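Peer 1: To be precise about what I am sending: the file is called target_14.pdb and holds PDB, C-alpha atoms.
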ATOM      1  CA  MET A   1      11.411   3.433  11.637
ATOM      2  CA  THR A   2      13.425   1.130   9.402
ATOM      3  CA  THR A   3      12.126   0.666   5.885
ATOM      4  CA  THR A   4      12.691  -2.369   3.745
ATOM      5  CA  THR A   5      11.925  -3.524   0.239
ATOM      6  CA  THR A   6      10.352  -6.692   1.498
ATOM      7  CA  ILE A   7       7.662  -7.676   3.955
ATOM      8  CA  LYS A   8       7.946 -10.481   6.469
ATOM      9  CA  GLN A   9       5.106 -12.821   7.332
ATOM     10  CA  ASP A  10       5.265 -11.975  11.024
ATOM     11  CA  GLN A  11       4.882  -8.269  10.211
ATOM     12  CA  MET A  12       1.723  -9.052   8.236
ATOM     13  CA  VAL A  13       0.405 -11.192  11.088
ATOM     14  CA  GLU A  14       1.191  -8.599  13.755
ATOM     15  CA  ILE A  15      -0.482  -5.752  11.855
ATOM     16  CA  THR A  16      -3.556  -7.793  10.927
ATOM     17  CA  GLN A  17      -3.995  -9.104  14.458
ATOM     18  CA  ALA A  18      -3.706  -5.558  15.850
ATOM     19  CA  VAL A  19      -6.426  -4.325  13.489
ATOM     20  CA  TRP A  20      -8.598  -7.348  14.206
ATOM     21  CA  SER A  21      -8.342  -7.160  17.982
ATOM     22  CA  SER A  22      -8.766  -3.363  18.136
ATOM     23  CA  PHE A  23     -11.857  -3.021  15.995
ATOM     24  CA  LEU A  24     -13.425  -6.471  15.807
ATOM     25  CA  GLY A  25     -12.632  -8.012  19.175
ATOM     26  CA  MET A  26     -12.354 -11.441  17.550
ATOM     27  CA  PRO A  27      -9.467 -13.928  17.783
ATOM     28  CA  LEU A  28      -7.195 -14.381  14.795
ATOM     29  CA  HIS A  29      -4.372 -16.896  14.657
ATOM     30  CA  VAL A  30      -1.954 -18.276  12.103
ATOM     31  CA  VAL A  31      -2.834 -21.601  10.499
ATOM     32  CA  GLU A  32      -0.218 -24.122   9.504
ATOM     33  CA  THR A  33      -2.306 -25.736   6.785
ATOM     34  CA  PRO A  34      -3.780 -23.144   4.439
ATOM     35  CA  GLU A  35      -7.126 -24.043   2.920
ATOM     36  CA  SER A  36      -8.032 -23.739  -0.696
ATOM     37  CA  SER A  37     -10.176 -20.682  -1.096
ATOM     38  CA  ALA A  38     -12.746 -23.075  -2.537
ATOM     39  CA  ALA A  39     -13.550 -23.493   1.148
ATOM     40  CA  TYR A  40     -15.053 -20.016   0.948
ATOM     41  CA  GLY A  41     -18.063 -21.798  -0.500
ATOM     42  CA  GLY A  42     -17.870 -19.938  -3.790
ATOM     43  CA  GLN A  43     -18.856 -16.630  -2.187
ATOM     44  CA  SER A  44     -15.841 -14.506  -1.426
ATOM     45  CA  ALA A  45     -14.883 -10.985  -0.471
ATOM     46  CA  THR A  46     -11.733  -9.406  -1.867
ATOM     47  CA  ALA A  47     -10.357  -5.985  -0.965
ATOM     48  CA  THR A  48      -7.292  -4.386  -2.541
ATOM     49  CA  VAL A  49      -5.161  -1.306  -2.005
ATOM     50  CA  HIS A  50      -2.275  -0.303  -4.230
ATOM     51  CA  ILE A  51       0.955   1.362  -3.121
ATOM     52  CA  SER A  52       2.868   3.419  -5.661
ATOM     53  CA  GLY A  53       6.002   5.549  -5.523
ATOM     54  CA  GLY A  54       9.115   4.489  -3.612
ATOM     55  CA  TRP A  55       7.720   0.969  -3.657
ATOM     56  CA  ASN A  56       5.090  -0.406  -6.008
ATOM     57  CA  GLY A  57       2.673  -3.179  -5.267
ATOM     58  CA  SER A  58      -0.649  -4.216  -3.812
ATOM     59  CA  VAL A  59      -2.121  -5.634  -0.632
ATOM     60  CA  ILE A  60      -5.028  -8.021  -1.092
ATOM     61  CA  LEU A  61      -7.318  -9.266   1.650
ATOM     62  CA  SER A  62      -9.687 -12.111   0.892
ATOM     63  CA  CYS A  63     -12.082 -14.360   2.784
ATOM     64  CA  SER A  64     -15.564 -15.824   2.587
ATOM     65  CA  THR A  65     -18.464 -13.388   2.549
ATOM     66  CA  THR A  66     -19.481 -15.053   5.822
ATOM     67  CA  LEU A  67     -16.345 -13.759   7.552
ATOM     68  CA  ALA A  68     -16.587 -10.381   5.817
ATOM     69  CA  ARG A  69     -20.147 -10.069   7.139
ATOM     70  CA  ARG A  70     -19.026 -11.060  10.657
ATOM     71  CA  ALA A  71     -16.334  -8.388  10.484
ATOM     72  CA  ALA A  72     -18.838  -5.751   9.367
ATOM     73  CA  VAL A  73     -21.271  -6.721  12.153
ATOM     74  CA  ALA A  74     -18.472  -6.370  14.712
ATOM     75  CA  MET A  75     -17.250  -3.032  13.337
ATOM     76  CA  PHE A  76     -20.718  -1.480  13.044
ATOM     77  CA  GLN A  77     -21.754  -3.115  16.342
ATOM     78  CA  THR A  78     -25.133  -4.021  14.968
ATOM     79  CA  GLY A  79     -27.149  -7.158  14.180
ATOM     80  CA  PRO A  80     -26.448  -9.339  11.113
ATOM     81  CA  ASP A  81     -29.869  -8.474   9.693
ATOM     82  CA  ASP A  82     -28.963  -4.796   9.654
ATOM     83  CA  ILE A  83     -25.881  -5.312   7.481
ATOM     84  CA  GLY A  84     -26.103  -5.028   3.690
ATOM     85  CA  ASP A  85     -23.540  -5.566   0.950
ATOM     86  CA  GLU A  86     -22.647  -1.873   0.971
ATOM     87  CA  ASP A  87     -21.821  -2.073   4.687
ATOM     88  CA  ILE A  88     -19.720  -5.213   4.171
ATOM     89  CA  ALA A  89     -17.811  -3.518   1.346
ATOM     90  CA  ASP A  90     -17.270  -0.410   3.480
ATOM     91  CA  ALA A  91     -15.969  -2.392   6.471
ATOM     92  CA  PHE A  92     -13.829  -4.802   4.430
ATOM     93  CA  GLY A  93     -12.374  -1.903   2.452
ATOM     94  CA  GLU A  94     -11.458  -0.144   5.687
ATOM     95  CA  LEU A  95      -9.748  -3.305   6.931
ATOM     96  CA  VAL A  96      -7.489  -3.535   3.879
ATOM     97  CA  ASN A  97      -6.890   0.218   4.093
ATOM     98  CA  MET A  98      -5.614  -0.136   7.664
ATOM     99  CA  ILE A  99      -3.514  -3.216   6.939
ATOM    100  CA  GLY A 100      -2.128  -1.716   3.710
ATOM    101  CA  GLY A 101      -1.445   1.633   5.360
ATOM    102  CA  ASN A 102       0.507   0.020   8.180
ATOM    103  CA  LEU A 103       2.473  -2.176   5.773
ATOM    104  CA  LYS A 104       3.234   0.902   3.632
ATOM    105  CA  CYS A 105       4.924   2.453   6.678
ATOM    106  CA  LEU A 106       7.524  -0.338   6.523
ATOM    107  CA  LEU A 107       8.337   0.286   2.870
ATOM    108  CA  PRO A 108      10.435   2.952   1.120
ATOM    109  CA  GLU A 109       8.896   6.394   0.903
ATOM    110  CA  PRO A 110       7.606   8.574  -0.560
ATOM    111  CA  SER A 111       4.686   6.533  -1.827
ATOM    112  CA  GLU A 112       0.930   6.844  -2.071
ATOM    113  CA  LEU A 113      -1.797   4.492  -0.889
ATOM    114  CA  SER A 114      -4.808   4.118  -3.154
ATOM    115  CA  LEU A 115      -8.396   4.070  -2.016
ATOM    116  CA  PRO A 116      -9.554   0.478  -1.486
ATOM    117  CA  THR A 117     -11.512  -1.484  -4.052
ATOM    118  CA  VAL A 118     -13.793  -4.277  -2.860
ATOM    119  CA  SER A 119     -15.618  -7.045  -4.664
ATOM    120  CA  LEU A 120     -18.142  -9.433  -3.172
ATOM    121  CA  GLY A 121     -19.797 -12.471  -4.664
ATOM    122  CA  ALA A 122     -19.128 -15.574  -6.689
ATOM    123  CA  ALA A 123     -15.555 -16.749  -7.203
ATOM    124  CA  HIS A 124     -13.581 -14.189  -9.116
ATOM    125  CA  VAL A 125     -10.043 -13.608 -10.306
ATOM    126  CA  VAL A 126      -7.856 -10.609  -9.516
ATOM    127  CA  THR A 127      -4.881  -9.899 -11.727
ATOM    128  CA  ILE A 128      -2.121  -7.335 -11.270
ATOM    129  CA  PRO A 129      -0.074  -7.068 -14.459
ATOM    130  CA  GLY A 130       3.649  -7.146 -13.909
ATOM    131  CA  ALA A 131       3.426  -8.178 -10.256
ATOM    132  CA  ARG A 132       4.803 -11.140  -8.349
ATOM    133  CA  LEU A 133       3.643 -12.576  -5.061
ATOM    134  CA  LEU A 134       6.017 -11.238  -2.412
ATOM    135  CA  GLN A 135       4.468 -12.664   0.728
ATOM    136  CA  HIS A 136       1.215 -14.169   1.932
ATOM    137  CA  VAL A 137      -0.278 -15.563   5.078
ATOM    138  CA  GLU A 138      -3.493 -17.250   6.102
ATOM    139  CA  LEU A 139      -5.130 -16.618   9.452
ATOM    140  CA  ALA A 140      -8.095 -18.280  11.136
ATOM    141  CA  CYS A 141     -10.942 -16.490  12.848
ATOM    142  CA  ASP A 142     -12.728 -19.400  14.510
ATOM    143  CA  ALA A 143     -13.739 -21.623  11.569
ATOM    144  CA  ASP A 144     -13.326 -18.913   8.956
ATOM    145  CA  ARG A 145     -10.109 -18.204   7.062
ATOM    146  CA  LEU A 146      -8.589 -14.834   6.124
ATOM    147  CA  HIS A 147      -5.911 -14.590   3.440
ATOM    148  CA  ILE A 148      -3.542 -11.626   3.120
ATOM    149  CA  ALA A 149      -1.203 -11.276   0.158
ATOM    150  CA  VAL A 150       1.379  -8.658  -0.761
ATOM    151  CA  TRP A 151       2.258  -8.334  -4.439
ATOM    152  CA  ASN A 152       5.297  -6.448  -5.681
ATOM    153  CA  ARG A 153       5.276  -4.708  -9.054
ATOM    154  CA  ARG A 154       8.648  -3.973 -10.606
ATOM    155  CA  GLU A 155       9.648  -2.264 -13.808
ATOM    156  CA  ASP A 156      11.710  -5.286 -14.793
ATOM    157  CA  ALA A 157       9.069  -7.881 -13.893
ATOM    158  CA  ARG A 158       9.251 -10.883 -16.175
ATOM    159  CA  PRO A 159       6.048 -11.933 -17.933
ATOM    160  CA  ASP A 160       6.312 -15.426 -16.452
ATOM    161  CA  LEU A 161       6.240 -13.892 -12.975
ATOM    162  CA  GLN A 162       3.134 -11.852 -13.647
ATOM    163  CA  ALA A 163       0.441 -12.271 -11.110
ATOM    164  CA  GLY A 164      -2.675 -14.228 -11.640
ATOM    165  CA  LEU A 165      -4.589 -14.789  -8.458
ATOM    166  CA  GLU A 166      -6.637 -17.560  -9.956
ATOM    167  CA  GLY A 167      -6.429 -20.479  -7.597
ATOM    168  CA  MET A 168      -5.845 -18.171  -4.646
ATOM    169  CA  ILE A 169      -9.183 -16.444  -4.745
ATOM    170  CA  ARG A 170     -11.277 -19.229  -6.199
TER     171      ARG A 170
ATOM    172  CA  MET B   1     -17.920  21.767  21.873
ATOM    173  CA  LYS B   2     -18.325  20.594  18.286
ATOM    174  CA  ILE B   3     -16.155  18.008  16.476
ATOM    175  CA  LEU B   4     -16.213  17.227  12.761
ATOM    176  CA  VAL B   5     -15.361  13.612  11.859
ATOM    177  CA  ALA B   6     -14.328  13.376   8.186
ATOM    178  CA  ASP B   7     -13.762   9.939   6.696
ATOM    179  CA  ASP B   8     -15.011   8.326   3.495
ATOM    180  CA  SER B   9     -15.780   5.131   5.395
ATOM    181  CA  ARG B  10     -19.096   5.154   7.241
ATOM    182  CA  VAL B  11     -17.970   2.399   9.592
ATOM    183  CA  MET B  12     -14.796   4.312  10.461
ATOM    184  CA  ARG B  13     -16.815   7.436  11.256
ATOM    185  CA  GLN B  14     -18.874   5.282  13.623
ATOM    186  CA  ILE B  15     -15.736   3.819  15.213
ATOM    187  CA  VAL B  16     -14.217   7.285  15.689
ATOM    188  CA  LYS B  17     -17.444   8.553  17.311
ATOM    189  CA  ARG B  18     -17.573   5.456  19.537
ATOM    190  CA  THR B  19     -13.939   5.912  20.529
ATOM    191  CA  LEU B  20     -14.547   9.566  21.408
ATOM    192  CA  ARG B  21     -17.289   8.453  23.809
ATOM    193  CA  GLN B  22     -15.030   5.730  25.253
ATOM    194  CA  ALA B  23     -12.305   8.337  25.742
ATOM    195  CA  GLY B  24     -14.729  10.332  27.867
ATOM    196  CA  TYR B  25     -15.888  12.910  25.338
ATOM    197  CA  THR B  26     -19.587  12.225  25.803
ATOM    198  CA  ASN B  27     -20.754  15.803  25.876
ATOM    199  CA  VAL B  28     -19.656  16.899  22.421
ATOM    200  CA  GLU B  29     -21.695  17.599  19.325
ATOM    201  CA  ILE B  30     -20.438  15.581  16.380
ATOM    202  CA  CYS B  31     -20.928  16.363  12.705
ATOM    203  CA  GLU B  32     -19.729  14.210   9.813
ATOM    204  CA  ALA B  33     -18.351  14.462   6.286
ATOM    205  CA  GLY B  34     -17.601  11.744   3.733
ATOM    206  CA  ASN B  35     -14.742  13.488   1.917
ATOM    207  CA  GLY B  36     -12.566  16.595   2.044
ATOM    208  CA  ALA B  37     -14.797  18.758  -0.142
ATOM    209  CA  GLU B  38     -17.813  17.950   2.015
ATOM    210  CA  ALA B  39     -15.730  18.588   5.138
ATOM    211  CA  LEU B  40     -14.829  22.058   3.852
ATOM    212  CA  GLU B  41     -18.516  22.889   3.439
ATOM    213  CA  VAL B  42     -19.300  21.614   6.943
ATOM    214  CA  ILE B  43     -16.411  23.604   8.465
ATOM    215  CA  VAL B  44     -17.637  26.824   6.846
ATOM    216  CA  ARG B  45     -21.244  26.156   7.873
ATOM    217  CA  GLU B  46     -20.809  24.616  11.347
ATOM    218  CA  ALA B  47     -17.517  26.150  12.590
ATOM    219  CA  PRO B  48     -16.409  23.068  14.578
ATOM    220  CA  ASP B  49     -13.866  23.400  17.382
ATOM    221  CA  LEU B  50     -11.885  20.403  16.117
ATOM    222  CA  VAL B  51     -11.605  18.410  12.883
ATOM    223  CA  LEU B  52     -10.674  14.711  13.053
ATOM    224  CA  CYS B  53      -9.829  13.865   9.460
ATOM    225  CA  ASP B  54      -8.852  10.824   7.442
ATOM    226  CA  TRP B  55      -5.908  11.362   5.076
ATOM    227  CA  ASN B  56      -6.924   9.317   2.072
ATOM    228  CA  MET B  57     -10.364  10.289   0.756
ATOM    229  CA  PRO B  58     -12.026  10.843  -2.628
ATOM    230  CA  GLU B  59     -12.937  14.311  -3.964
ATOM    231  CA  MET B  60     -10.405  16.072  -1.723
ATOM    232  CA  ASN B  61      -7.949  14.292   0.555
ATOM    233  CA  GLY B  62      -7.169  15.338   4.117
ATOM    234  CA  ILE B  63      -3.853  17.082   3.485
ATOM    235  CA  ASP B  64      -5.340  19.131   0.634
ATOM    236  CA  LEU B  65      -8.254  20.068   2.890
ATOM    237  CA  LEU B  66      -5.867  21.265   5.584
ATOM    238  CA  THR B  67      -3.837  23.250   3.043
ATOM    239  CA  VAL B  68      -6.993  24.950   1.728
ATOM    240  CA  LEU B  69      -8.114  25.757   5.266
ATOM    241  CA  ARG B  70      -4.821  27.331   6.288
ATOM    242  CA  ALA B  71      -4.471  29.213   2.980
ATOM    243  CA  GLY B  72      -7.945  30.640   3.610
ATOM    244  CA  GLY B  73      -6.971  31.780   7.094
ATOM    245  CA  ARG B  74      -9.074  29.175   8.903
ATOM    246  CA  ASN B  75      -7.165  28.005  11.950
ATOM    247  CA  VAL B  76      -9.586  25.380  13.234
ATOM    248  CA  ALA B  77      -7.831  22.739  15.358
ATOM    249  CA  PHE B  78      -7.077  19.854  13.012
ATOM    250  CA  GLY B  79      -5.823  16.294  13.564
ATOM    251  CA  PHE B  80      -5.463  13.290  11.279
ATOM    252  CA  VAL B  81      -6.880   9.833  11.988
ATOM    253  CA  THR B  82      -5.271   7.668   9.342
ATOM    254  CA  SER B  83      -3.872   4.227   8.606
ATOM    255  CA  GLU B  84      -0.535   5.786   7.594
ATOM    256  CA  GLY B  85       1.492   6.845  10.620
ATOM    257  CA  SER B  86       5.052   6.844   9.286
ATOM    258  CA  PRO B  87       7.490   9.548  10.455
ATOM    259  CA  ALA B  88       7.360  11.136   6.990
ATOM    260  CA  MET B  89       3.556  11.365   7.084
ATOM    261  CA  ARG B  90       3.635  12.798  10.597
ATOM    262  CA  GLU B  91       6.154  15.415   9.532
ATOM    263  CA  ARG B  92       4.093  16.303   6.469
ATOM    264  CA  ALA B  93       0.983  16.627   8.635
ATOM    265  CA  GLN B  94       2.742  18.821  11.166
ATOM    266  CA  ASN B  95       4.251  21.056   8.489
ATOM    267  CA  ALA B  96       0.787  21.574   7.010
ATOM    268  CA  GLY B  97      -0.550  22.700  10.382
ATOM    269  CA  ALA B  98      -2.008  19.534  11.946
ATOM    270  CA  LEU B  99      -1.817  19.272  15.733
ATOM    271  CA  PHE B 100      -1.509  15.495  15.790
ATOM    272  CA  LEU B 101      -1.801  12.276  13.820
ATOM    273  CA  ILE B 102      -3.568   9.240  15.285
ATOM    274  CA  ALA B 103      -2.678   6.016  13.486
ATOM    275  CA  LYS B 104      -5.332   3.346  12.872
ATOM    276  CA  PRO B 105      -5.912   1.037  14.620
ATOM    277  CA  PHE B 106      -6.231   3.219  17.705
ATOM    278  CA  THR B 107      -7.460   3.020  21.271
ATOM    279  CA  PRO B 108      -9.480   5.395  23.482
ATOM    280  CA  GLU B 109      -6.222   6.061  25.359
ATOM    281  CA  ALA B 110      -4.559   7.254  22.150
ATOM    282  CA  PHE B 111      -7.476   9.647  21.610
ATOM    283  CA  ARG B 112      -7.295  10.938  25.188
ATOM    284  CA  GLU B 113      -3.557  11.515  24.973
ATOM    285  CA  VAL B 114      -3.760  13.824  21.955
ATOM    286  CA  LEU B 115      -7.161  15.379  22.621
ATOM    287  CA  GLU B 116      -6.645  16.447  26.220
ATOM    288  CA  PRO B 117      -4.251  19.270  25.323
ATOM    289  CA  VAL B 118      -6.709  20.453  22.644
ATOM    290  CA  LEU B 119     -10.094  19.968  24.308
ATOM    291  CA  GLY B 120      -9.115  19.861  27.969
TER     292      GLY B 120
END
For this file, write the structure as structure tokens.
Peer 2:
Amino acid sequence: MTTTTTIKQDQMVEITQAVWSSFLGMPLHVVETPESSAAYGGQSATATVHISGGWNGSVILSCSTTLARRAAVAMFQTGPDDIGDEDIADAFGELVNMIGGNLKCLLPEPSELSLPTVSLGAAHVVTIPGARLLQHVELACDADRLHIAVWNRREDARPDLQAGLEGMIR
Amino acid sequence: MKILVADDSRVMRQIVKRTLRQAGYTNVEICEAGNGAEALEVIVREAPDLVLCDWNMPEMNGIDLLTVLRAGGRNVAFGFVTSEGSPAMRERAQNAGALFLIAKPFTPEAFREVLEPVLG
């Protein structure tokens, strides 16, 4: 397998679609006109994994809590009424773990993948000090949008390139 | 036939169990663990025939669990089910004594392919 220090959009799309079709059985396609995450209706789900070692950065998955709930329902194969916030966090965390793990395989080794962190609720901001946005893509699952971003953290990162996800998550 | 499914994600444990059934392993007893330390306790108590283990877990990760098992002389059949399937990870798993590594996302066919030589 060839490793690289960058990630291409089509690699992110291919990996995310593979995860989505295998475990959710729902369609997911690229959108040409990304929506403001304000379209999440103020209630969003954000899941993050960090990669550290031969390459340093983070993979962030975000969407409305509506889509995160749909994903959890599909993964647990149960009814919407049987799904709680803990189940949504578990399922959404596993999604970013799979996407991040597969992206990590494309990057220089050796490196470690963190356990996922998940937040659900009103609009929030995620910051990764010293990181810059490397690549991002937005996909549509019916009327719902899913945003995937890869942030790269470098020793020589300039302060003006530091990441602030405000505006991407809100 | 008893299989231990160790993964810190409850939904992934469900998906692994579902995939085992879809792969044709309907007549197996399945026990579960939410991390490596818990898995070690279950292995000692339940003596499963096979361990299907996530790599990245809290408390004790999968590779540390496998190392502890082999150092303690426990040769239970062991395979990883993990999101990280790079050649380096596969080599590390094999060197530690794992029989196989199934990368997530997976299919029932992928399970059948690696489990048939182990479970028949």
Peer 1: Using all atoms listed in the file, which residues sit within 7 Å of segment 32-40 of chain B once same-chain residues fewer than 6 positions away are excluded, as a list in words?
Peer 2: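 Those residues are Leu4, Val5, Ala6, Asp7, Asp8, Met57, Pro58, Glu59, Met60, Asn61, Gly62 and Leu65 of chain B.
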Peer 1: Tell me the residues of chain B close to chain A, meaning within 9 Å using only C-alpha atoms, as a ChimeraX atom specification.
Peer 2: /B:9-12,14-15,56-58,82-88,103-107
Peer 1: Evaluate the PyMOL selection byres ((chain A and resi 28) around 7) on the structure here and hand back the selected residues as a list of chain:residue names.
Peer 2: A:Gln17, A:Met26, A:Pro27, A:His29, A:Leu139, A:Ala140, A:Cys141
Peer 1: Would you list the residues near (-3.6, -14.5, 7.6), meaning any protein, DNA or RNA residue with an atom at most 6 Å from that point in file coordinates, counting all atoms listed in the file, as a list in words?
Peer 2: Val137, Glu138, Leu139, Leu146, His147 and Ile148 of chain A
Peer 1: How far is it from atom CA of Gly24 of chain B to atom CA of Phe78 of chain B, in Å with one decimal?
Peer 2: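 That distance, rounded to one decimal, is 19.2 Å.
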Peer 1: Find the residues around Ser111 of chain A up to 9 Å (all atoms listed in the file counted), leave out those fewer than 3 positions away in its own chain, and share them as a list in words.
Peer 2: Ile51, Ser52, Gly53, Gly54, Trp55, Asn56, Lys104, Leu107 and Pro108 of chain A
Peer 1: Taking all atoms of segment 36-47 of chain B that the file lists and extending 6 Å past them on each side, where is the centre of the axis-aligned box and how long are its edges? Answer in Å to one decimal, as AutoDock Vina command-line options.
Peer 2:
--center_x -16.9 --center_y 21.7 --center_z 6.2 --size_x 20.7 --size_y 22.2 --size_z 24.7
